[in-house]
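The next block is entry07.csv, given as CSV, C-alpha atoms.
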```
chain,number,residue,atom,x,y,z
E,108,MET,CA,-3.6,-4.0,24.7
E,109,GLY,CA,-2.8,-3.3,28.3
E,110,PHE,CA,0.6,-5.1,28.5
E,111,ARG,CA,3.0,-3.8,31.2
E,112,ASN,CA,6.6,-4.8,31.8
E,113,VAL,CA,6.7,-7.4,29.0
E,114,ALA,CA,9.8,-7.6,26.8
E,115,MET,CA,9.0,-8.1,23.2
E,116,HIS,CA,10.3,-7.8,19.7
E,117,ALA,CA,8.2,-5.6,17.5
E,118,GLU,CA,8.7,-4.4,13.9
E,119,PHE,CA,6.7,-1.5,12.3
E,120,ARG,CA,6.8,0.3,9.0
E,121,ILE,CA,5.7,3.9,8.7
E,122,THR,CA,4.0,4.8,5.5
E,123,PRO,CA,4.7,8.0,3.7
E,124,GLU,CA,1.4,9.2,5.1
E,125,GLY,CA,2.6,8.6,8.6
E,126,LYS,CA,0.5,5.5,9.3
E,127,VAL,CA,2.2,2.9,11.6
E,128,LEU,CA,1.8,-0.6,10.4
E,129,PRO,CA,2.8,-3.6,12.5
E,130,ILE,CA,4.9,-6.1,10.7
E,131,GLU,CA,5.9,-8.5,13.5
E,132,VAL,CA,5.3,-8.7,17.2
E,133,ASN,CA,6.9,-11.5,19.3
E,134,PRO,CA,7.8,-12.1,23.0
E,135,MET,CA,11.5,-11.4,23.6
E,136,ARG,CA,13.6,-13.7,21.5
E,137,PHE,CA,17.2,-14.0,20.6
E,138,ALA,CA,17.6,-12.5,17.2
E,139,GLY,CA,20.6,-11.5,15.1
E,140,TYR,CA,22.1,-8.1,14.6
E,141,CYS,CA,22.5,-7.3,18.3
E,142,THR,CA,18.8,-6.9,19.0
E,143,THR,CA,19.0,-8.7,22.3
E,144,ASP,CA,21.3,-6.0,23.6
E,145,ILE,CA,18.2,-4.0,24.4
E,146,SER,CA,18.1,-5.8,27.7
E,147,HIS,CA,21.6,-4.5,28.5
E,148,TYR,CA,21.0,-0.9,27.5
E,149,ALA,CA,17.5,-0.6,28.9
E,150,PHE,CA,17.7,-2.8,32.0
E,151,GLY,CA,21.3,-3.5,32.8
E,152,PHE,CA,21.5,-7.3,32.2
E,153,ASN,CA,22.9,-9.5,29.4
E,154,GLY,CA,20.2,-11.8,28.1
E,155,TYR,CA,22.7,-14.2,26.6
E,156,GLU,CA,24.6,-14.5,29.8
E,157,HIS,CA,21.3,-15.1,31.7
E,158,LEU,CA,20.3,-17.8,29.2
E,159,PHE,CA,23.6,-19.7,29.1
E,160,LEU,CA,24.2,-19.5,32.9
E,161,GLN,CA,20.6,-20.1,33.7
E,162,LYS,CA,20.4,-16.9,35.7
E,163,GLN,CA,17.2,-15.0,36.2
E,164,PRO,CA,17.0,-11.2,36.4
E,165,ASP,CA,15.9,-9.7,39.7
E,166,TRP,CA,12.5,-8.7,38.3
E,167,ASP,CA,11.7,-6.8,41.5
E,168,THR,CA,14.5,-4.3,40.8
E,169,VAL,CA,14.9,-4.5,37.0
E,170,PHE,CA,12.0,-2.1,36.3
E,171,GLU,CA,12.6,0.0,39.4
E,172,GLY,CA,12.4,3.7,38.4
E,173,LYS,CA,11.6,2.6,34.8
E,174,GLU,CA,7.9,1.8,35.3
E,175,ASP,CA,6.7,4.5,32.9
E,176,LYS,CA,9.6,4.2,30.4
E,177,VAL,CA,9.7,2.4,27.0
E,178,PHE,CA,12.9,1.4,25.3
E,179,GLY,CA,13.5,0.5,21.7
E,180,MET,CA,16.1,-0.1,19.1
E,181,SER,CA,16.0,1.6,15.7
E,182,VAL,CA,17.6,0.0,12.6
E,183,ILE,CA,19.2,2.8,10.4
E,184,ASP,CA,18.9,1.3,7.0
E,185,VAL,CA,20.7,2.3,3.8
E,186,ARG,CA,18.0,3.0,1.3
E,187,PRO,CA,17.6,0.2,-1.2
E,188,HIS,CA,18.3,2.5,-4.2
E,189,VAL,CA,21.5,4.0,-2.7
E,190,LYS,CA,24.8,2.6,-3.7
E,191,PRO,CA,26.8,2.2,-0.4
E,192,HIS,CA,30.2,2.7,-2.2
E,193,GLY,CA,29.0,6.1,-3.3
E,194,ILE,CA,28.5,7.3,0.3
E,195,LYS,CA,31.5,9.3,1.5
E,196,SER,CA,30.5,9.5,5.2
E,197,TYR,CA,27.6,9.3,7.6
E,198,ASP,CA,27.0,11.8,10.4
E,199,TYR,CA,26.2,9.6,13.4
E,200,GLY,CA,26.2,12.7,15.7
E,201,MET,CA,23.4,14.3,13.7
E,202,LEU,CA,21.5,11.0,13.8
E,203,LEU,CA,21.8,10.8,17.6
E,204,GLU,CA,20.4,14.4,17.9
E,205,GLN,CA,17.1,13.0,16.5
E,206,PHE,CA,16.6,11.0,19.7
E,207,GLU,CA,15.6,12.6,22.9
E,208,THR,CA,17.3,10.0,25.1
E,209,PRO,CA,19.8,7.8,23.1
E,210,LEU,CA,21.5,5.1,25.1
E,211,HIS,CA,23.9,3.7,22.6
E,212,ILE,CA,24.7,3.6,18.9
E,213,ARG,CA,26.1,0.5,17.2
E,214,LYS,CA,27.9,1.6,14.0
E,215,PHE,CA,28.1,-0.8,11.1
E,216,ASP,CA,30.3,-0.9,8.0
E,217,TYR,CA,27.6,0.3,5.6
E,218,LYS,CA,29.7,-0.6,2.6
E,219,LYS,CA,29.6,-4.2,3.7
E,220,TYR,CA,26.1,-4.4,5.3
E,221,PRO,CA,22.9,-2.6,4.2
E,222,VAL,CA,22.6,-0.6,7.5
E,223,PHE,CA,24.4,2.4,9.0
E,224,GLY,CA,23.8,1.0,12.5
E,225,PHE,CA,21.4,0.5,15.4
E,226,VAL,CA,20.3,3.1,18.0
E,227,PHE,CA,19.2,2.0,21.4
E,228,ALA,CA,17.1,4.6,23.0
E,229,GLU,CA,14.5,5.5,25.6
E,230,ILE,CA,11.6,6.3,23.4
E,231,MET,CA,9.0,7.2,25.9
E,232,GLY,CA,9.1,8.1,29.5
E,233,ASP,CA,8.5,10.7,32.2
```
Just dump the structure as structure tokens.
Amino acid sequence: MGFRNVAMHAEFRITPEGKVLPIEVNPMRFAGYCTTDISHYAFGFNGYEHLFLQKQPDWDTVFEGKEDKVFGMSVIDVRPHVKPHGIKSYDYGMLLEQFETPLHIRKFDYKKYPVFGFVFAEIMGD
């Protein structure tokens, strides 16, 4: 679509055949489950702090050196048919090896919530 330097929330589903289907695409919003932390891990500022203190990021420097990079957050779900109490452990190190440039992993109590965690990563770049 030709967008550049626009923060947005996007959700996609990948079919078993590998087709990428958009579910939801919105301009940056404050959502639950730590999704707004992408601004911190990708660009170094806290979106909540900026909102509540009415601060504005220094847009001239925020993207400096990151012009060709794309950042994202992946939700690592527990499969619906898997019983969380039957899981003995989860190998987060092996998970991070699947990402070329992971920035942070947010681990969750998968016995309490239906996710293992979130991975913030640079997903495209130089």
| note | In terms of all atoms listed in the file, the residue from E:Ile145, E:Glu171, E:Gly125, E:Asn133 at minimal distance from Arg213 (chain E) is E:Ile145
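Taking CA of Val127 (chain E) as the reference point, CA of Phe206 (chain E) is found at 18.4 Å.
For the choices E:Glu156, E:Ala149, E:His188, E:Val222, the atom-to-atom distance to Thr208 (chain E) is smallest for E:Ala149 when using all atoms listed in the file.
Distance check against Phe225 (chain E) using only C-alpha atoms: of E:Gly179, E:Gly200, E:Gly193, E:Gly172, the minimum falls on E:Gly179.
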| field | Nearest to Lys176 (chain E), chosen from E:His211, E:Asp216, E:Phe223, E:Phe150, with only C-alpha atoms counted in the distances | value | E:Phe150
| said: Counting all atoms listed in the file, find residues at most 12 Å from (33.3, 5.2, 3.8) (file frame) and give them as a count of residues only. | reply: 15
| Do you have the CA of Leu210 (chain E)-CA of Phe227 (chain E) distance handy? | 5.3 Å
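With CA of Ile230 (chain E) on one side and CA of Met180 (chain E) on the other, the separation reads 8.9 Å.
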| note | Among E:Val226, E:Glu118, E:Pro221, E:Asp144, Val185 (chain E) is approached most closely, using only C-alpha atoms, by E:Pro221
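Comparing E:Val132, E:Gly109, E:Thr142, E:Asp167 by their smallest distance to Tyr155 (chain E), the closest is E:Thr142 (using all atoms listed in the file).
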| request: Pick out the residues sitting within 12 Å of Phe170 (chain E), and hand them over as a ChimeraX atom specification; count all atoms listed in the file, and ignore anything fewer than 2 positions along from it in its own chain. | output: /E:111-114,146,149-152,164-168,172-178
Go ahead and write the selection's residues with C-alpha atoms as a compact mmCIF listing (two decimals), in the frame of the given file.
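That gives us part-v3.txt:
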```txt
# COMPACT_ATOMS: atom_id res chain seq x y z
CA ARG E 111 3.00 -3.80 31.20
CA ASN E 112 6.60 -4.80 31.80
CA VAL E 113 6.70 -7.40 29.00
CA ALA E 114 9.80 -7.60 26.80
CA SER E 146 18.10 -5.80 27.70
CA ALA E 149 17.50 -0.60 28.90
CA PHE E 150 17.70 -2.80 32.00
CA GLY E 151 21.30 -3.50 32.80
CA PHE E 152 21.50 -7.30 32.20
CA PRO E 164 17.00 -11.20 36.40
CA ASP E 165 15.90 -9.70 39.70
CA TRP E 166 12.50 -8.70 38.30
CA ASP E 167 11.70 -6.80 41.50
CA THR E 168 14.50 -4.30 40.80
CA GLY E 172 12.40 3.70 38.40
CA LYS E 173 11.60 2.60 34.80
CA GLU E 174 7.90 1.80 35.30
CA ASP E 175 6.70 4.50 32.90
CA LYS E 176 9.60 4.20 30.40
CA VAL E 177 9.70 2.40 27.00
CA PHE E 178 12.90 1.40 25.30
```
